[in-house]
$ cat coords.txt   # compact mmCIF, C-alpha atoms
# COMPACT_ATOMS: atom_id res chain seq x y z
CA MET G 1 -2.55 -22.27 -22.45
CA ALA G 2 -0.50 -19.65 -20.62
CA ASP G 3 -0.47 -16.06 -21.83
CA ASN G 4 2.82 -15.18 -23.52
CA GLN G 5 2.84 -11.90 -21.60
CA GLU G 6 2.51 -13.64 -18.24
CA LYS G 7 5.53 -12.92 -16.05
CA ILE G 8 4.28 -13.66 -12.53
CA VAL G 9 1.85 -16.18 -11.05
CA HIS G 10 0.65 -15.47 -7.50
CA PHE G 11 -0.53 -18.40 -5.37
CA VAL G 12 -2.66 -16.93 -2.57
CA ASP G 13 -3.39 -18.96 0.56
CA TYR G 14 -6.53 -16.99 1.43
CA GLU G 15 -7.25 -19.21 4.42
CA ASN G 16 -3.92 -18.08 5.85
CA VAL G 17 -3.52 -14.45 4.78
CA HIS G 18 -7.16 -13.36 4.37
CA LYS G 19 -7.50 -9.81 2.98
CA HIS G 20 -4.04 -8.56 3.91
CA ILE G 21 -2.43 -9.11 0.50
CA PRO G 22 -2.03 -6.11 -1.87
CA ILE G 23 -4.67 -7.45 -4.25
CA ASP G 24 -4.90 -4.25 -6.29
CA GLU G 25 -1.19 -4.51 -7.08
CA ILE G 26 -0.95 -8.21 -7.89
CA ALA G 27 -4.23 -8.83 -9.74
CA ARG G 28 -4.05 -6.16 -12.45
CA GLY G 29 -2.50 -6.52 -15.89
CA ASN G 30 -1.92 -9.32 -18.38
CA HIS G 31 1.63 -9.78 -17.09
CA GLN G 32 0.46 -11.48 -13.90
CA ARG G 33 -2.20 -13.88 -12.68
CA VAL G 34 -3.63 -14.66 -9.24
CA LEU G 35 -4.63 -18.18 -8.26
CA LEU G 36 -6.78 -17.64 -5.17
CA PHE G 37 -7.16 -20.74 -2.99
CA VAL G 38 -10.13 -20.52 -0.63
CA GLY G 39 -11.63 -22.85 1.93
CA ASN G 40 -14.96 -24.56 1.44
CA GLN G 41 -16.80 -22.18 3.79
CA GLN G 42 -14.91 -18.96 3.01
CA THR G 43 -16.39 -15.93 1.26
CA ILE G 44 -14.41 -13.85 -1.23
CA PRO G 45 -14.60 -10.07 -0.71
CA ASN G 46 -16.95 -8.38 -3.17
CA ASP G 47 -14.34 -5.81 -4.14
CA TRP G 48 -12.12 -8.63 -5.45
CA LEU G 49 -14.67 -9.53 -8.13
CA ILE G 50 -14.10 -6.53 -10.39
CA VAL G 51 -13.58 -7.17 -14.09
CA ASP G 52 -10.11 -5.60 -14.10
CA TYR G 53 -8.69 -8.25 -11.77
CA ASN G 54 -7.02 -11.32 -13.28
CA ILE G 55 -8.08 -13.79 -10.58
CA THR G 56 -8.88 -17.49 -10.80
CA VAL G 57 -10.64 -18.83 -7.71
CA ILE G 58 -9.88 -22.40 -6.66
CA ARG G 59 -12.24 -23.53 -3.92
CA VAL G 60 -11.53 -26.78 -2.10
CA GLY G 61 -14.38 -29.25 -2.01
CA LYS G 62 -14.20 -30.32 1.64
CA THR G 63 -13.22 -28.78 4.95
CA SER G 64 -10.28 -30.68 6.41
CA LYS G 65 -6.90 -29.92 7.92
CA ASP G 66 -4.30 -28.64 5.42
CA ASN G 67 -6.64 -29.26 2.47
CA VAL G 68 -5.98 -25.79 1.02
CA ASP G 69 -2.21 -26.31 1.43
CA PHE G 70 -2.40 -29.62 -0.43
CA HIS G 71 -4.22 -27.92 -3.31
CA ILE G 72 -1.65 -25.12 -3.48
CA SER G 73 1.19 -27.66 -3.55
CA ALA G 74 -0.52 -29.61 -6.32
CA TYR G 75 -1.07 -26.49 -8.42
CA LEU G 76 2.51 -25.35 -7.86
CA GLY G 77 3.63 -28.58 -9.49
CA MET G 78 1.10 -28.45 -12.34
CA VAL G 79 1.68 -24.80 -13.16
CA HIS G 80 5.46 -25.28 -12.93
CA VAL G 81 5.28 -27.89 -15.67
CA GLY G 82 3.15 -25.62 -17.86
CA ARG G 83 5.20 -22.42 -17.52
CA ASP G 84 8.57 -21.36 -18.82
CA ASN G 85 11.17 -20.94 -16.09
CA SER G 86 11.24 -17.20 -16.77
CA VAL G 87 7.80 -16.92 -15.12
CA LYS G 88 8.12 -16.11 -11.43
CA PHE G 89 5.96 -17.75 -8.75
CA ILE G 90 5.03 -15.96 -5.53
CA VAL G 91 3.34 -17.88 -2.72
CA TRP G 92 1.40 -15.56 -0.42
CA SER G 93 1.27 -17.38 2.90
CA LYS G 94 2.62 -17.19 6.43
CA ASP G 95 2.93 -20.98 6.43
CA LYS G 96 6.63 -21.89 6.45
CA GLY G 97 5.67 -25.44 5.51
CA PHE G 98 5.88 -24.35 1.86
CA ASP G 99 9.56 -23.43 2.16
CA ASP G 100 10.95 -26.91 1.49
CA LEU G 101 8.82 -27.28 -1.64
CA ILE G 102 9.90 -23.81 -2.74
CA GLU G 103 13.56 -24.77 -2.36
CA HIS G 104 12.92 -27.91 -4.40
CA LEU G 105 11.35 -25.88 -7.22
CA LYS G 106 14.28 -23.48 -7.09
CA SER G 107 16.55 -26.47 -7.71
CA ARG G 108 14.44 -27.02 -10.83
CA LYS G 109 15.36 -23.52 -12.03
CA ARG G 110 12.03 -21.98 -11.02
CA ARG G 111 12.06 -18.37 -9.85
CA ILE G 112 9.91 -18.61 -6.74
CA GLU G 113 9.53 -17.08 -3.29
CA ARG G 114 7.11 -17.00 -0.37
CA LYS G 115 5.81 -13.66 0.85
CA GLU G 116 4.02 -12.76 4.04
CA PRO G 117 1.66 -9.79 3.64
CA ARG G 118 2.08 -6.90 6.01
CA LYS G 119 -0.85 -6.10 8.22
CA PRO G 120 -1.88 -2.43 8.16
CA LYS G 121 -0.30 -0.51 10.99
CA LYS G 122 -2.59 0.86 13.65
CA ILE G 123 -2.40 4.61 14.04
CA THR G 124 -1.90 5.58 17.67
CA GLY G 125 -1.77 8.94 19.36
CA THR G 126 -3.13 12.28 18.25
CA PRO G 127 -1.55 13.85 15.15
CA SER G 128 -0.02 17.27 15.66
CA LYS G 129 -1.55 20.37 14.12
CA LYS G 130 1.33 20.60 11.67
CA VAL G 131 0.37 17.22 10.23
CA ILE G 132 -3.38 17.89 10.13
CA LYS G 133 -3.24 21.34 8.56
CA PRO G 134 -1.58 20.38 5.24
CA ALA G 135 -3.90 17.37 4.93
CA VAL G 136 -6.97 19.59 5.30
CA GLU G 137 -5.66 22.09 2.79
CA LYS G 138 -4.85 19.35 0.28
CA LYS G 139 -8.32 17.85 0.67
CA LYS G 140 -9.88 21.25 0.12
CA ILE G 141 -7.98 21.69 -3.13
CA VAL G 142 -9.14 18.29 -4.36
CA GLU G 143 -12.75 19.07 -3.53
CA GLU G 144 -12.66 22.36 -5.40
CA LYS G 145 -11.07 20.83 -8.49
CA PRO G 146 -13.67 20.55 -11.27
CA GLU G 147 -14.58 17.05 -12.34
CA THR G 148 -13.19 15.99 -15.70
CA PRO G 149 -14.43 13.29 -18.06
CA GLN G 150 -11.09 11.50 -17.67
CA GLY G 151 -11.82 10.99 -13.98
CA LYS G 152 -15.06 9.13 -14.56
CA ILE G 153 -15.08 5.37 -14.13
CA VAL G 154 -16.63 3.56 -17.07
CA PRO G 155 -18.84 0.70 -15.85
CA PRO G 156 -18.20 -2.73 -17.38
CA SER G 157 -20.16 -3.77 -20.45
CA ILE G 158 -22.81 -6.48 -20.31
CA LYS G 159 -20.33 -8.85 -21.98
CA GLN G 160 -17.70 -8.14 -19.32
CA VAL G 161 -20.24 -8.57 -16.53
CA GLY G 162 -21.64 -11.79 -17.97
CA SER G 163 -18.18 -13.25 -18.57
CA ARG G 164 -17.16 -12.42 -15.00
CA VAL G 165 -20.31 -14.04 -13.63
CA VAL G 166 -19.63 -17.19 -15.66
CA GLU G 167 -16.06 -17.27 -14.37
CA ILE G 168 -17.25 -17.03 -10.76
CA LEU G 169 -19.94 -19.67 -11.24
CA GLU G 170 -17.50 -22.03 -12.96
CA LYS G 171 -15.32 -21.90 -9.86
CA THR G 172 -18.30 -22.54 -7.61
CA ALA G 173 -19.12 -26.13 -6.72
CA PRO G 174 -22.20 -27.24 -8.75
CA ALA G 175 -24.12 -28.07 -5.57
CA LYS G 176 -23.65 -24.51 -4.32
CA ARG G 177 -24.77 -22.68 -7.46
CA PRO G 178 -28.17 -20.98 -7.39
CA ARG G 179 -30.77 -23.45 -8.64
CA LYS G 180 -33.61 -20.98 -9.21
CA GLN G 181 -33.77 -17.77 -11.24
CA THR G 182 -34.88 -15.76 -8.22
CA THR G 183 -31.96 -17.10 -6.19
CA LEU G 184 -29.55 -16.33 -9.04
CA GLN G 185 -30.87 -12.76 -9.20
CA ASN G 186 -30.29 -12.38 -5.47
CA GLN G 187 -26.75 -13.70 -5.88
CA LEU G 188 -26.09 -11.22 -8.69
CA GLU G 189 -27.23 -8.39 -6.43
CA HIS G 190 -24.77 -9.63 -3.82
CA TRP G 191 -21.97 -9.51 -6.42
CA ARG G 192 -23.00 -6.08 -7.77
CA PRO G 193 -20.71 -4.00 -5.46
CA GLY G 194 -17.70 -6.14 -6.38
CA ILE G 195 -18.27 -6.37 -10.14
CA LYS G 196 -19.57 -2.78 -10.20
CA PHE G 197 -22.18 -3.29 -12.90
CA LYS G 198 -25.10 -0.98 -13.64
CA HIS G 199 -27.31 -3.43 -15.53
CA THR G 200 -30.37 -5.04 -13.99
CA THR G 201 -30.00 -8.61 -12.83
CA LEU G 202 -32.56 -9.63 -15.43
CA GLN G 203 -30.38 -8.14 -18.19
CA VAL G 204 -27.44 -10.18 -16.96
CA ILE G 205 -29.55 -13.34 -16.84
CA ASN G 206 -30.86 -12.65 -20.36
CA TRP G 207 -27.27 -12.34 -21.60
CA LEU G 208 -26.33 -15.63 -19.93
CA THR G 209 -29.36 -17.25 -21.55
CA GLN G 210 -28.68 -15.80 -25.01
CA LYS G 211 -25.08 -17.01 -24.86
CA GLN G 212 -26.39 -20.45 -23.82
CA HIS G 213 -24.45 -20.46 -20.56
CA ILE G 214 -27.68 -21.25 -18.72
CA VAL G 215 -31.16 -22.57 -19.48
CA ILE G 216 -34.14 -21.50 -17.38
CA THR G 217 -37.29 -23.61 -17.24
CA ASP G 218 -40.08 -22.86 -14.76
CA ASP G 219 -37.71 -20.76 -12.63
CA LYS G 220 -35.18 -23.62 -12.50
CA VAL G 221 -31.65 -22.87 -13.71
CA LYS G 222 -29.52 -25.38 -15.61
CA TYR G 223 -25.84 -24.56 -16.17
CA ASN G 224 -24.08 -25.54 -19.38
CA PHE G 225 -20.62 -25.59 -17.81
$ encode --input "coords.txt" --output "structure tokens"
Amino acid sequence: MADNQEKIVHFVDYENVHKHIPIDEIARGNHQRVLLFVGNQQTIPNDWLIVDYNITVIRVGKTSKDNVDFHISAYLGMVHVGRDNSVKFIVWSKDKGFDDLIEHLKSRKRRIERKEPRKPKKITGTPSKKVIKPAVEKKKIVEEKPETPQGKIVPPSIKQVGSRVVEILEKTAPAKRPRKQTTLQNQLEHWRPGIKFKHTTLQVINWLTQKQHIVITDDKVKYNF
């Protein structure tokens, strides 16, 4: 069921736009949701796995031409049926092949548009002294400013970490999930920078076991989802 606060749904063609979308702007808050469509062999950036991001990963099962596009088109139709017309859709892709479908959905009273992310501009030339000097002074002021408790980042709780891990694993094809506890622990370490958790991998696995998301027998992992 859709969240009543949801105002925007972002459909991200990761195969097409890669990491150039403003993920920190579009993935935060209950008012918007990101549906991230990734190819079978693609890897999601670790820094996109943080608990604060409202991202659902949809990974295609096979590698074939336009397979990701077909999935996006299918989800556009399904989500359109399940959302009020006040909810806006944004398709993040440079593929103009979506434009005809977008026009069709507009005729169905859907607020929808396609956006192409801007690539970061390359800085050329040598900055003048007038530009450098204020920047150095500003940095110096920041460094001398005493640290306050408000500035500290609170790491996610074990429940938040475990729930995020379950969400990621649910979106992973069963054949590609870690089958052994040691492999799962290695995978958790790989996700650590993105989820930003401080717990040990064993603590996370114990939480998953206690909540009956997984069962471990002789180092073999069975998933209950």
$ residues_near_point --input "coords.txt" --point "(-37.6, -14.7, -9.4)" --cutoff "12 Å" --atoms "only C-alpha atoms" --output "list in words"
Pro178, Arg179, Lys180, Gln181, Thr182, Thr183, Leu184, Gln185, Asn186, Gln187, Thr201, Leu202, Ile205, Ile216, Thr217, Asp218, Asp219, Lys220 and Val221 of chain G
$ closest_residue --input "coords.txt" --among "G:Ile26, G:Leu35, G:Val204, G:Leu101" --to "G:Leu188" --atoms "all atoms listed in the file"
G:Val204
$ closest_atom_pairs --input "coords.txt" --of "stretch 22-91 of chain G" --to "stretch 155-166 of chain G" --cutoff "9 Å" --atoms "all atoms listed in the file" --output "JSON lines"
{"residue": "G:Leu49", "atom": "CA", "partner": "G:Arg164", "partner_atom": "CA", "distance": 7.9}
{"residue": "G:Ile50", "atom": "CA", "partner": "G:Arg164", "partner_atom": "CA", "distance": 8.1}
{"residue": "G:Val51", "atom": "CA", "partner": "G:Arg164", "partner_atom": "CA", "distance": 6.4}
$ closest_residue --input "coords.txt" --among "G:Ile8, G:Ala27, G:Leu169, G:Ile44" --to "G:Arg83" --atoms "only C-alpha atoms"
G:Ile8
$ residues_near_point --input "coords.txt" --point "(-23.5, -21.9, -17.9)" --cutoff "10 Å" --atoms "all atoms listed in the file" --output "PyMOL selection string"
chain G and resi 165-167+169-170+208-209+211-215+221-225
$ closest_residue --input "coords.txt" --among "G:Phe11, G:Phe98, G:Trp207, G:Phe70" --to "G:Val57" --atoms "all atoms listed in the file"
G:Phe11
$ residues_around --input "coords.txt" --residues "stretch 108-111 of chain G" --least-positions-apart "4" --cutoff "8 Å" --atoms "only C-alpha atoms" --output "PyMOL selection string"
chain G and resi 80+85-89+104
$ write_last_selection --input "coords.txt" --atoms "C-alpha atoms" --output "mmCIF file, in the coordinates of the input"
data_model
loop_
_atom_site.group_PDB
_atom_site.id
_atom_site.type_symbol
_atom_site.label_atom_id
_atom_site.label_comp_id
_atom_site.auth_asym_id
_atom_site.auth_seq_id
_atom_site.Cartn_x
_atom_site.Cartn_y
_atom_site.Cartn_z
ATOM 1 C CA HIS G 80 5.460 -25.280 -12.930
ATOM 2 C CA ASN G 85 11.170 -20.940 -16.090
ATOM 3 C CA SER G 86 11.240 -17.200 -16.770
ATOM 4 C CA VAL G 87 7.800 -16.920 -15.120
ATOM 5 C CA LYS G 88 8.120 -16.110 -11.430
ATOM 6 C CA PHE G 89 5.960 -17.750 -8.750
ATOM 7 C CA HIS G 104 12.920 -27.910 -4.400
#
$ closest_residue --input "coords.txt" --among "G:Thr200, G:Asn67, G:Asn16, G:Ser73" --to "G:Asn40" --atoms "all atoms listed in the file"
G:Asn67
$ atom_distance --input "coords.txt" --atom1 "atom CA of G:Val38" --atom2 "atom CA of G:Phe197"
24.3 Å
$ axis_aligned_box --input "coords.txt" --around "stretch 30-37 of chain G" --padding-each-side "3 Å" --output "JSON"
{"center_x": -2.8, "center_y": -15.0, "center_z": -10.7, "size_x": 14.8, "size_y": 17.4, "size_z": 21.4}
$ residues_around --input "coords.txt" --residues "G:Gln41" --least-positions-apart "2" --cutoff "12 Å" --atoms "all atoms listed in the file" --output "number ranges by chain"
G: 14-15, 37-39, 43-44, 59-64, 68, 172-173, 176
